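Visitor: Take a look at this one; I'll ask things after.
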Amino acid sequence: MTRWLACYGRSVCGLIILGLFVSAFVAFSVLRERVYATERAEVQTIYIQSGAVLDRMALSFDALLADVYWIRTVQHYGSAKRVARDDRSYGLLGPLLDITTTLDPYFDVAYRFGAIFLAEAFPNGPGRPDLAISLLQKGIAAMPERWEYYMDIGFIYYWWLGDYEQAAGWFSQAADVPGASWWLRPLAANTLAVGGSRESSRLLWEQMYDSADSEWIRNEAIRRLAQLQALDDIDHVRALIQRFHRTHKRFPGSWSELVEAGFLAEVPEDPTGQTYVLDVVNGTLDVSSGSELFPLPGESLTPFAQ
Amino acid sequence: MRQWTEFDRTVSIPARIAIHVFKESVRDKVLYGLVLFAIILIASSYFISQLTAGQDVKIIKDLGLATIQAFGLFFAVFIGTGLVSKEVERRSIYSLLSKPVRRHEMILGKYVGLVLTLAVNVAIMIFALYALLGYIAWTTPENVRAAWDVAALDPVMLRAVVLIFSELMLVTAIALFFSIFLNTILSAVLTMSLYVVGQFNADLRNFEAVVDSQAVAFIAQVAYYLLPNFASFDIKAEVVHAVPVPLVYIALTGGYAVSYIGALLMVSMVIFSQRDFK
Amino acid sequence: MSSYAIRLDGLTKDFPVGFWWPRRARVLDGVSLEIKRGEIYGYLGPNGAGKTTTLKLLMQLIYPTAGSAEILGRPVGDIGMRHRIGYLPELPYFYDNLTAEELLIYFGSLFRLSAAEARARTSRLLDRIGLGAERRQQLRNISKGMLQRVGIAQALINDPEVVFLDEPMAGLDPVGRRDTLELIRTLKNEGRTIFFSSHILSDAEAVCSQVAILVRGSLIATARIADLEFEVLGWELVVSGTDEGALVNLGLAGATALAGGRYSIDLPADRSPNFILPELVRHGFYIVALIPRHESLENYFTRKIEGLYQTPGKADEAVDGV
């Protein structure tokens, strides 16, 4: 035993000390992160807001740097969402996306997802459809053959800005691009005719789902369709409540009343499995605030009392 | 002759080697040229600053600190890789190691000597920068000076310098580590590559946001913690724009540097002790 | 205290050769030696025999694959023992930017020398090796021969008991070589043990008391110079009191005329002087000198080695003595 110790004792000692040093610097790293949660990348982005400057500084590694900034963008978006709803700030999303796409003008994912992130209404996003549109226009300038960008702009006008004429115009432009999906022209026509209707929205999202080239867009389409389903459900329940009112001369005070009265088989759930919320004080129906579908788009919150 | 204790040895031999390394570097003409060039660059930032209105001081500080960092980096790699690999290539190491010098004492002495050289070089460049800033502060009228966010001779800038210097010490330790078992050119290349990687490895931590595989994300996390994180030493932007940098942050980063250097030196000493010098 | 200055015991060194699939090349194979104190020991062999490898193993610049070595009774690498030895590496290179003085003072500081002591010794040593004003020039500017001498000086800075010299005569002109040999003799007379390696056997012959021959990593032979029986290759006969004509009559053609009426005659080995001398005396010649010509150490060992290699099975034996 002692011989072994004499032989290897020094090595073991050395290894232990090495281990201590390594643990020390890892510990310092972890501790520093815990204390200073701010992403340093964010701080630096503030001072290099110009993508053009960074592009020059990056020499011939701009594409690689673009990847780095894309990772930072996604991380920023993700971490911003983890903060409590009211405190969220997506301030650097715009600059980060601008830098990413300036460094690599052909960065398709950055344009498409970037626009989705930017247009998303608060609290799930900064609610800047204008920035989203300019980002997509930047994409069009770099790659005019990408019909998806025209479509995405049209989509923003449709869904977030409610400007159906503009939306139809952009869908039409998209349809003009060689290689565009066949359903864009009917979509344009439909939008112009009954833009804003739930049916045309459902059509739009179903097309998005079918044509989606990534998981993200597909999931988003599913979610939107579920929201539309929820709207349908709410209309249906609203009709039941009206019938209840006619028979009972008052509005129901809770779900159980509706169930006991035989209008509903059970407490209704939205497509994600969360029960709907019957707000008797304000007289509204909505999805639960904890549901993934919250908040529902557009006109859903008309009180049923009216 | 007085008897040496083991403690005397521990301190004395590396100290003497360190002084020797310092003397050798001081005589290296290339280094003189580089320091001179750095000072010229710092001075010329004065003329560049004339092109922008009111932003002079920021630009000079920015450029000055960046120059110091860049040149310091170059010194660290240049001398650091020469420390051991050059001695082995030139074979002057034979005569040194046949003296009553333990191998790890040589590594320690070399490192300290290099850090000393670095300190002197950086001090000279800092002095030049502060001199320039002082001159500007002196020649600028009162009202313009009042418009500056931060005073020209802001002592907080020294915090950035402290971190820059810690960063350089870490790079030196890396250069020394590589030069133990690689030739001069290869160690220089690898040290610089590791420096570049270290600038971006904070992004490795965020891999899980963009990568589907859990395994890859985990490996990226481990890599993030083990690879040197150089981006965290860079507080130039904050210091120049008067964003406060707490002393605790500096202490933590400094502690990180010290422990990482300790680990590197340990490994270097071990590898060096085992090496055959053909 | 061990009576041996240096002991090698089965010292073996393998080096990996080749990048992808490293083979082991045996550079030194089971070398065992014992060297007493106060000797000048010649470690001889052709280039590539492993002499420098042996010295590096002794300085612990490389580590042995097998076997061990001791210097002054302490294992190699013992720091205390390092204070008492000096080493001159082959084709030495020191620090370009330093002067000879600075180099010696620096190395002196790595021993227990105070600044003043180091300075004093440096001065003495540089005088001793004959370095004048060049001692204040940077080492990059002095000649190779001077550098070699500086190398010897740095090996002596700590007043060592054992001095290791690897090819100390390399790069020296004849004057330098003579001086170095003289220095080696003086060091021995001061009671030091000298271990030096060389591929020039005549140098060893001049100063060594004992030699060892290393060929391709194996110790082929060790011997005391005094004990060696060299073949006599012939004689040189110096006579006077005659003229060339008389010599030719006696059958001694080809004599060389020396100064002062003397002649030098080469007698081949097969012509014993026993028969010539009486004849010469009878004819009135005066015998000035009769000098046997021995074979050189080189020839002696070549003869021995060839003999070994020609005898099957004998090549692997280490031959001790003659």
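Residue numbers start at 1 in each chain; chains themselves are named A, B, ... in the order of the structure tokens; ligands are numbered from 1 in the order shown.
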As a VMD selection string, which residues of region 88-264 of chain C does DSSP assign to strand (DSSP E or B)?
Guide: chain C and resid 88 99 138 162 to 166 193 to 198 210 to 215 218 to 224 232 to 240 256 to 257 262 to 264
Visitor: Using only C-alpha atoms and a cut-off of 6 Å, which residues of chain B sit close to chain A? Please list them as an MDAnalysis selection string.
Guide: chainID B and resid 209 225 252 256 259:260 263
Visitor: If we count only C-alpha atoms, what is near region 119-131 of chain A at a cut-off of 8 Å, once residues fewer than 4 positions away on the same chain are taken out, given as number ranges by chain?
Guide: A: 77, 81, 85-86, 88-91, 94, 115, 135, 156, 160-161
Visitor: So, counting only C-alpha atoms, which residue among B:Asn121, B:Ser268, B:Gln214, B:Ser92 is closest to chain C?
Guide: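 That would be B:Ser92, the residue with the smallest distance to chain C.
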Visitor: Do a neighbour search on Gly113 (chain B) at 10 Å with only C-alpha atoms, toss out local chain neighbours closer than 3 positions, and write the hits as a PyMOL selection string.
Guide: chain B and resi 14-25+83+107-110+116-119
Visitor: Restricted to C-alpha atoms, what would the selected residues look like written as a PDB file, in the first residue's frame?
Guide:
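Full text of selection15.pdb as output:
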```pdb
ATOM      1  CA  PRO B  14      11.226  30.378  -9.841  1.00  0.00           C
ATOM      2  CA  ALA B  15      11.867  34.005  -8.933  1.00  0.00           C
ATOM      3  CA  ARG B  16      15.287  33.928 -10.487  1.00  0.00           C
ATOM      4  CA  ILE B  17      13.984  32.247 -13.576  1.00  0.00           C
ATOM      5  CA  ALA B  18      11.199  34.822 -13.753  1.00  0.00           C
ATOM      6  CA  ILE B  19      13.663  37.674 -13.612  1.00  0.00           C
ATOM      7  CA  HIS B  20      15.672  36.037 -16.343  1.00  0.00           C
ATOM      8  CA  VAL B  21      12.591  35.677 -18.561  1.00  0.00           C
ATOM      9  CA  PHE B  22      11.800  39.323 -17.971  1.00  0.00           C
ATOM     10  CA  LYS B  23      15.318  40.398 -18.867  1.00  0.00           C
ATOM     11  CA  GLU B  24      15.244  38.329 -22.008  1.00  0.00           C
ATOM     12  CA  SER B  25      11.922  39.785 -23.151  1.00  0.00           C
ATOM     13  CA  LEU B  83       8.541  30.334 -23.457  1.00  0.00           C
ATOM     14  CA  ILE B 107       7.275  26.392 -15.497  1.00  0.00           C
ATOM     15  CA  LEU B 108       6.287  28.568 -12.579  1.00  0.00           C
ATOM     16  CA  GLY B 109       9.249  30.857 -13.082  1.00  0.00           C
ATOM     17  CA  LYS B 110       8.592  31.178 -16.797  1.00  0.00           C
ATOM     18  CA  LEU B 116       5.736  40.528 -15.369  1.00  0.00           C
ATOM     19  CA  THR B 117       6.669  41.426 -18.923  1.00  0.00           C
ATOM     20  CA  LEU B 118       3.023  41.676 -19.863  1.00  0.00           C
ATOM     21  CA  ALA B 119       2.320  43.904 -16.886  1.00  0.00           C
TER      22      ALA B 119
END
```
Visitor: Can you work out which one of B:Leu97, B:Leu129, B:Leu153, B:Met266 has the shortest atom-to-atom distance to Leu176 (chain B), counting only C-alpha atoms?
Guide: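 Of all the options, B:Met266 lies closest to Leu176 (chain B).
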Visitor: If we count only C-alpha atoms, what is near region 1-13 of chain C at a cut-off of 8 Å, once residues fewer than 3 positions away on the same chain are taken out, given as a tab-separated table (two decimals) with C-alpha atoms, in the first residue's frame?
Guide:
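This is the output file out-v2.tsv:
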```tsv
chain	number	residue	atom	x	y	z
C	26	ARG	CA	15.87	0.68	-28.83
C	27	VAL	CA	18.46	3.41	-28.66
C	28	LEU	CA	20.24	2.17	-25.57
C	29	ASP	CA	20.30	-1.43	-24.49
C	30	GLY	CA	21.18	-2.51	-20.99
C	31	VAL	CA	24.25	-0.35	-20.47
C	32	SER	CA	26.03	-1.00	-17.18
C	33	LEU	CA	29.10	0.92	-16.09
C	34	GLU	CA	30.97	1.83	-12.98
C	35	ILE	CA	33.22	4.84	-12.93
C	36	LYS	CA	35.46	5.57	-9.98
C	37	ARG	CA	36.05	9.01	-8.61
C	63	TYR	CA	13.59	9.09	-18.57
C	64	PRO	CA	14.83	5.51	-18.89
C	65	THR	CA	12.67	2.72	-20.21
C	66	ALA	CA	14.45	0.35	-17.86
C	67	GLY	CA	17.42	0.33	-15.58
C	68	SER	CA	18.78	3.07	-13.36
C	69	ALA	CA	21.73	5.33	-12.85
C	70	GLU	CA	23.43	6.97	-9.91
C	71	ILE	CA	25.77	9.88	-9.64
C	72	LEU	CA	27.81	10.26	-6.45
C	73	GLY	CA	25.67	7.60	-4.87
C	162	VAL	CA	31.83	15.41	-11.51
C	193	THR	CA	35.86	13.16	-12.17
```
Visitor: Counting only C-alpha atoms, a student should be able to say which residues of chain B come within 12 Å of chain C; what is the right answer, written as a PyMOL selection string?
Guide: chain B and resi 1-6+8-29+86-103+105-106+109+272-278
